[in-house]
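See below for model-v1.txt, which holds compact mmCIF, C-alpha atoms.
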```txt
# COMPACT_ATOMS: atom_id res chain seq x y z
CA MET A 1 0.00 0.00 0.00
CA THR A 2 1.39 3.39 -1.00
CA GLN A 3 1.57 6.37 1.32
CA LYS A 4 -1.17 8.04 -0.72
CA GLN A 5 -3.45 5.03 -0.19
CA LYS A 6 -2.72 4.98 3.54
CA THR A 7 -3.53 8.67 3.79
CA HIS A 8 -6.77 8.15 1.89
CA HIS A 9 -7.77 5.23 4.11
CA LEU A 10 -7.17 7.29 7.25
CA ALA A 11 -9.12 10.22 5.83
CA VAL A 12 -12.07 8.01 4.89
CA ALA A 13 -11.99 6.30 8.30
CA ALA A 14 -11.96 9.67 10.06
CA MET A 15 -14.87 10.91 7.96
CA LEU A 16 -16.91 7.76 8.61
CA SER A 17 -16.12 7.94 12.34
CA ALA A 18 -17.41 11.51 12.47
CA VAL A 19 -20.60 10.59 10.62
CA ALA A 20 -21.11 7.57 12.91
CA ALA A 21 -20.68 9.76 16.00
CA VAL A 22 -23.34 12.17 14.72
CA LEU A 23 -25.73 9.33 13.87
CA GLN A 24 -25.32 7.95 17.38
CA PHE A 25 -27.12 11.05 18.65
CA VAL A 26 -30.01 10.50 16.24
CA GLU A 27 -31.97 7.80 18.03
CA PHE A 28 -35.61 6.84 18.13
CA SER A 29 -37.92 5.08 20.54
CA ILE A 30 -39.76 2.05 19.16
CA PRO A 31 -43.34 1.42 20.41
CA ILE A 32 -42.74 -2.34 20.74
CA MET A 33 -39.67 -1.81 22.95
CA PRO A 34 -39.28 -0.28 26.45
CA SER A 35 -38.65 3.47 26.30
CA PHE A 36 -35.05 3.15 27.52
CA ILE A 37 -34.11 1.19 24.37
CA LYS A 38 -33.43 3.36 21.32
CA LEU A 39 -32.83 2.64 17.66
CA ASP A 40 -30.00 4.30 15.74
CA ILE A 41 -28.08 3.55 12.55
CA SER A 42 -24.63 4.56 13.77
CA ASP A 43 -23.21 1.14 12.78
CA LEU A 44 -23.82 1.98 9.12
CA PRO A 45 -20.65 4.07 8.56
CA ALA A 46 -18.54 1.34 10.20
CA LEU A 47 -20.09 -1.26 7.89
CA LEU A 48 -19.26 0.94 4.91
CA GLY A 49 -15.74 1.23 6.27
CA THR A 50 -15.27 -2.48 6.78
CA PHE A 51 -16.25 -3.21 3.16
CA SER A 52 -14.19 -0.41 1.63
CA LEU A 53 -11.13 -0.39 3.93
CA GLY A 54 -11.15 -3.71 5.77
CA PRO A 55 -12.49 -5.19 9.04
CA VAL A 56 -9.82 -3.60 11.23
CA TYR A 57 -10.87 -0.16 10.00
CA GLY A 58 -14.49 -1.06 10.68
CA VAL A 59 -13.67 -1.89 14.30
CA ALA A 60 -11.57 1.28 14.61
CA ILE A 61 -14.50 3.38 13.38
CA GLN A 62 -16.70 1.78 16.05
CA LEU A 63 -14.10 2.60 18.70
CA VAL A 64 -13.62 6.22 17.66
CA LYS A 65 -17.39 6.71 17.35
CA ASN A 66 -17.96 5.62 20.93
CA LEU A 67 -15.00 7.58 22.28
CA LEU A 68 -16.42 10.71 20.66
CA HIS A 69 -19.84 9.97 22.15
CA LEU A 70 -18.53 9.14 25.62
CA PRO A 71 -18.39 12.72 27.03
CA PHE A 72 -22.01 13.31 25.99
CA GLY A 73 -23.47 9.96 27.05
CA SER A 74 -25.68 9.48 30.08
CA SER A 75 -24.80 5.87 30.89
CA ALA A 76 -21.41 6.38 32.60
CA GLY A 77 -19.76 4.66 29.64
CA VAL A 78 -21.78 1.47 29.95
CA GLY A 79 -23.84 2.14 26.85
CA GLU A 80 -20.77 3.08 24.83
CA LEU A 81 -18.93 -0.07 25.94
CA SER A 82 -21.85 -2.26 24.93
CA ASN A 83 -22.29 -0.38 21.66
CA PHE A 84 -18.62 -0.87 20.82
CA ILE A 85 -18.57 -4.58 21.65
CA LEU A 86 -21.69 -5.35 19.63
CA GLY A 87 -20.82 -3.04 16.74
CA ALA A 88 -17.28 -4.38 16.52
CA ILE A 89 -18.55 -7.97 16.34
CA PHE A 90 -21.03 -6.97 13.63
CA VAL A 91 -18.60 -5.23 11.29
CA PHE A 92 -15.62 -7.52 11.95
CA ALA A 93 -17.61 -10.64 11.12
CA ALA A 94 -19.03 -9.02 8.00
CA GLY A 95 -15.59 -7.78 6.94
CA MET A 96 -13.82 -11.10 7.46
CA VAL A 97 -16.35 -12.98 5.33
CA TYR A 98 -16.16 -10.32 2.62
CA LYS A 99 -12.36 -10.29 2.73
CA ARG A 100 -12.18 -13.99 1.79
CA LYS A 101 -14.17 -13.43 -1.38
CA LYS A 102 -15.06 -9.90 -2.41
CA SER A 103 -18.49 -10.13 -3.95
CA ARG A 104 -21.95 -8.76 -3.32
CA LYS A 105 -23.10 -12.17 -2.14
CA SER A 106 -20.28 -12.54 0.39
CA ALA A 107 -20.91 -9.00 1.66
CA LEU A 108 -24.54 -9.89 2.25
CA THR A 109 -23.65 -13.23 3.83
CA GLY A 110 -21.07 -11.61 6.07
CA SER A 111 -23.48 -8.87 7.14
CA VAL A 112 -26.19 -11.38 8.06
CA ILE A 113 -23.68 -13.49 9.99
CA GLY A 114 -22.46 -10.37 11.74
CA ALA A 115 -26.01 -9.28 12.60
CA VAL A 116 -26.83 -12.72 14.04
CA ALA A 117 -23.59 -12.77 16.05
CA MET A 118 -24.28 -9.25 17.36
CA ALA A 119 -27.81 -10.24 18.39
CA LEU A 120 -26.63 -13.35 20.26
CA VAL A 121 -23.80 -11.52 22.03
CA SER A 122 -26.25 -8.76 23.03
CA LEU A 123 -27.95 -11.33 25.25
CA VAL A 124 -24.66 -11.82 27.12
CA THR A 125 -23.61 -8.17 27.33
CA ASN A 126 -27.03 -6.96 28.45
CA TYR A 127 -27.43 -9.74 31.02
CA PHE A 128 -23.96 -9.54 32.56
CA ILE A 129 -22.86 -5.94 31.93
CA VAL A 130 -25.48 -3.38 30.91
CA TYR A 131 -28.47 -4.14 33.12
CA PRO A 132 -26.47 -5.00 36.26
CA ALA A 133 -24.60 -1.71 35.77
CA TYR A 134 -27.87 0.22 35.51
CA VAL A 135 -29.07 -1.40 38.73
CA VAL A 136 -25.86 -0.47 40.57
CA LEU A 137 -25.02 2.91 39.02
CA PHE A 138 -28.46 4.37 38.51
CA HIS A 139 -30.33 2.54 41.28
CA MET A 140 -32.87 1.25 38.77
CA PRO A 141 -34.55 -1.76 40.41
CA LEU A 142 -34.46 -4.87 38.27
CA GLU A 143 -38.15 -5.35 38.99
CA GLU A 144 -38.83 -1.98 37.36
CA ILE A 145 -36.93 -3.03 34.24
CA ILE A 146 -38.83 -6.31 34.06
CA SER A 147 -42.10 -4.43 34.54
CA ALA A 148 -41.36 -2.25 31.50
CA TYR A 149 -41.15 -5.37 29.34
CA ASN A 150 -44.25 -6.91 30.93
CA LYS A 151 -46.29 -3.82 30.10
CA ILE A 152 -45.59 -4.41 26.42
CA LEU A 153 -46.06 -8.19 26.48
CA GLU A 154 -47.73 -9.49 29.60
CA GLY A 155 -46.18 -12.63 30.99
CA VAL A 156 -42.96 -12.33 28.98
CA ALA A 157 -40.90 -12.56 32.18
CA ASN A 158 -42.24 -16.05 32.87
CA VAL A 159 -41.34 -17.84 29.62
CA PRO A 160 -39.46 -19.68 28.23
CA THR A 161 -37.34 -20.06 31.41
CA SER A 162 -37.67 -19.20 35.09
CA ASN A 163 -35.17 -16.32 34.69
CA ALA A 164 -37.21 -13.15 34.15
CA LEU A 165 -34.41 -10.91 32.82
CA PHE A 166 -33.12 -13.60 30.48
CA ASN A 167 -36.64 -14.09 29.09
CA CYS A 168 -37.11 -10.38 28.45
CA LEU A 169 -33.77 -10.05 26.70
CA LEU A 170 -34.34 -13.17 24.62
CA VAL A 171 -37.81 -12.15 23.47
CA PHE A 172 -37.19 -8.42 22.99
CA ASN A 173 -33.53 -7.44 22.78
CA VAL A 174 -32.17 -10.26 20.64
CA PRO A 175 -34.70 -9.79 17.81
CA PHE A 176 -34.38 -6.00 18.12
CA THR A 177 -30.58 -6.15 17.78
CA LEU A 178 -30.86 -8.53 14.84
CA ALA A 179 -33.35 -6.23 13.10
CA LYS A 180 -31.04 -3.27 13.76
CA GLY A 181 -28.14 -5.09 12.10
CA LEU A 182 -30.29 -6.09 9.13
CA LEU A 183 -31.48 -2.49 8.76
CA ASP A 184 -27.88 -1.27 8.65
CA THR A 185 -27.15 -3.98 6.09
CA ALA A 186 -30.04 -2.92 3.86
CA LEU A 187 -29.02 0.75 4.03
CA CYS A 188 -25.41 -0.16 3.29
CA PHE A 189 -26.43 -2.01 0.14
CA LEU A 190 -28.53 0.94 -0.95
CA ILE A 191 -25.84 3.60 -0.63
CA TYR A 192 -22.55 1.71 -1.02
CA LYS A 193 -22.38 1.91 -4.81
CA PRO A 194 -23.12 5.67 -5.03
CA LEU A 195 -20.50 6.31 -2.33
CA SER A 196 -17.96 3.88 -3.79
CA PRO A 197 -15.97 6.51 -5.75
CA LEU A 198 -15.47 8.50 -2.54
CA LEU A 199 -14.63 5.46 -0.42
CA HIS A 200 -12.17 3.94 -2.89
CA ARG A 201 -10.65 6.99 -4.58
```

Go ahead and render the structure in this file as structure tokens.
Amino acid sequence: MTQKQKTHHLAVAAMLSAVAAVLQFVEFSIPIMPSFIKLDISDLPALLGTFSLGPVYGVAIQLVKNLLHLPFGSSAGVGELSNFILGAIFVFAAGMVYKRKKSRKSALTGSVIGAVAMALVSLVTNYFIVYPAYVVLFHMPLEEIISAYNKILEGVANVPTSNALFNCLLVFNVPFTLAKGLLDTALCFLIYKPLSPLLHR
């Protein structure tokens, strides 16, 4: 790789990181989810970066995005940590599959694999990191969190296991995270080609 190419890669990564940081502030509540869960498309620039620059750049964009958001966040860094872990898994998996065979099909396959992996890992991060941290740091009773899910779908805390929090995360958060990854994938496929001259110049 020439010095000119390295400079271009860094410039594109910086631009995508800045866009991702801005998009992280643009979040929406979803009626079928508790109000404390928001939807954003800030993983989209990192996905563009992983396909145009490589999976390492995609992960770096996720890191820079969350570092830029950290001073403005309201979760004491917990939300940013979770966002980075999940986003990094998403774009790295997508990028590694695409790197083996660069085609539209492999990009789609990688993105779907990444979205599934992100959704499954979200169950772990939310159960062991995010929600326990909210209980400790923000004195939010776990019963109150469970109640927010039960108001949307009565009885969700009781099935399919005897663990109420696990049930809520499995029924709500895992599908939500998967849908979020698939949305980013769809948007990426829509805008990648028009942006390709800028990303690869």

Starting from the point (-31.6, 10.1, 11.0), work out which residues of protein, DNA or RNA have an atom no more than 8 Å away when counting all atoms listed in the file; state them as a JSON list (two decimals) with C-alpha atoms, in the frame of the given file.
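selection_36.json written:
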```
[["chain", "number", "residue", "atom", "x", "y", "z"],
["A", 23, "LEU", "CA", -25.73, 9.33, 13.87],
["A", 26, "VAL", "CA", -30.01, 10.50, 16.24],
["A", 27, "GLU", "CA", -31.97, 7.80, 18.03],
["A", 40, "ASP", "CA", -30.00, 4.30, 15.74],
["A", 41, "ILE", "CA", -28.08, 3.55, 12.55]]
```

Inset, instruction - Using all atoms listed in the file, find the one residue out of A:Ile113, A:Val56, A:Ile85, A:Ile32 that sits nearest to Val171 in chain A. - result: A:Ile32

Inset, instruction - Tell me, in Å to one decimal, how far CA of Lys38 in chain A is from CA of Cys168 in chain A. - result: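 Interatomic distance here is 15.9 Å.
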
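Shown here are all protein and nucleic acid residues lying within 9 Å of (-17.8, -3.9, 3.9), with only C-alpha atoms considered: Ala46, Leu47, Leu48, Gly49, Thr50, Phe51, Ser52, Leu53, Gly54, Pro55, Gly58, Val91, Ala94, Gly95, Met96, Tyr98, Lys99, Ala107, Gly110, Ser111, Cys188 and Tyr192 of chain A.
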
Legend entry - Selection: 10 Å around Ala76 in chain A, all atoms listed in the file, excl. self and same-chain fewer than 6 positions, as a VMD selection string: chain A and resid 70 133 to 134 137 to 138

Inset, instruction - Quick one: pull the distance between CA of Leu10 in chain A and CA of Ala93 in chain A, Å, one decimal. - result: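 Interatomic distance here is 21.1 Å.
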
Produce the centre coordinates and the three edge lengths, each in Å to one decimal, of the box along x, y and z that contains all listed atoms of range 54-60 of chain A with 8 Å added on each side, as AutoDock Vina command-line options.
```
--center_x -12.2 --center_y -2.0 --center_z 10.2 --size_x 20.7 --size_y 22.5 --size_z 24.8
```

Legend entry - Using only C-alpha atoms: which of A:Val130, A:Asn150, A:Phe92, A:Ala14 has the shortest distance to Ser75 in chain A: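 Ranked by minimum distance to Ser75 in chain A, first place goes to A:Val130.
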
Legend entry - Between CA of Lys65 in chain A and CA of Tyr127 in chain A - distance in Å to one decimal: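 Straight-line distance from CA of Tyr127 in chain A to CA of Lys65 in chain A works out to 23.6 Å.
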
Legend entry - Selected residue of minimal separation from Leu16 in chain A among A:Pro132, A:Ala164, A:Val156, A:Leu199, counting all atoms listed in the file: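 Between A:Pro132, A:Ala164, A:Val156, A:Leu199, the residue approaching Leu16 in chain A most closely is A:Leu199.
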
Legend entry - Top pick for closest residue to Ser74 in chain A, considering A:Phe176, A:Phe166, A:Phe25, A:Phe90 and counting all atoms listed in the file: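 Smallest distance to Ser74 in chain A is found for A:Phe25.
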
Legend entry - Pick from A:Pro141, A:Pro175, A:Pro197, A:Gly155, whichever lies nearest to Ala117 in chain A using only C-alpha atoms: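 Selected residue with least distance to Ala117 in chain A: A:Pro175.
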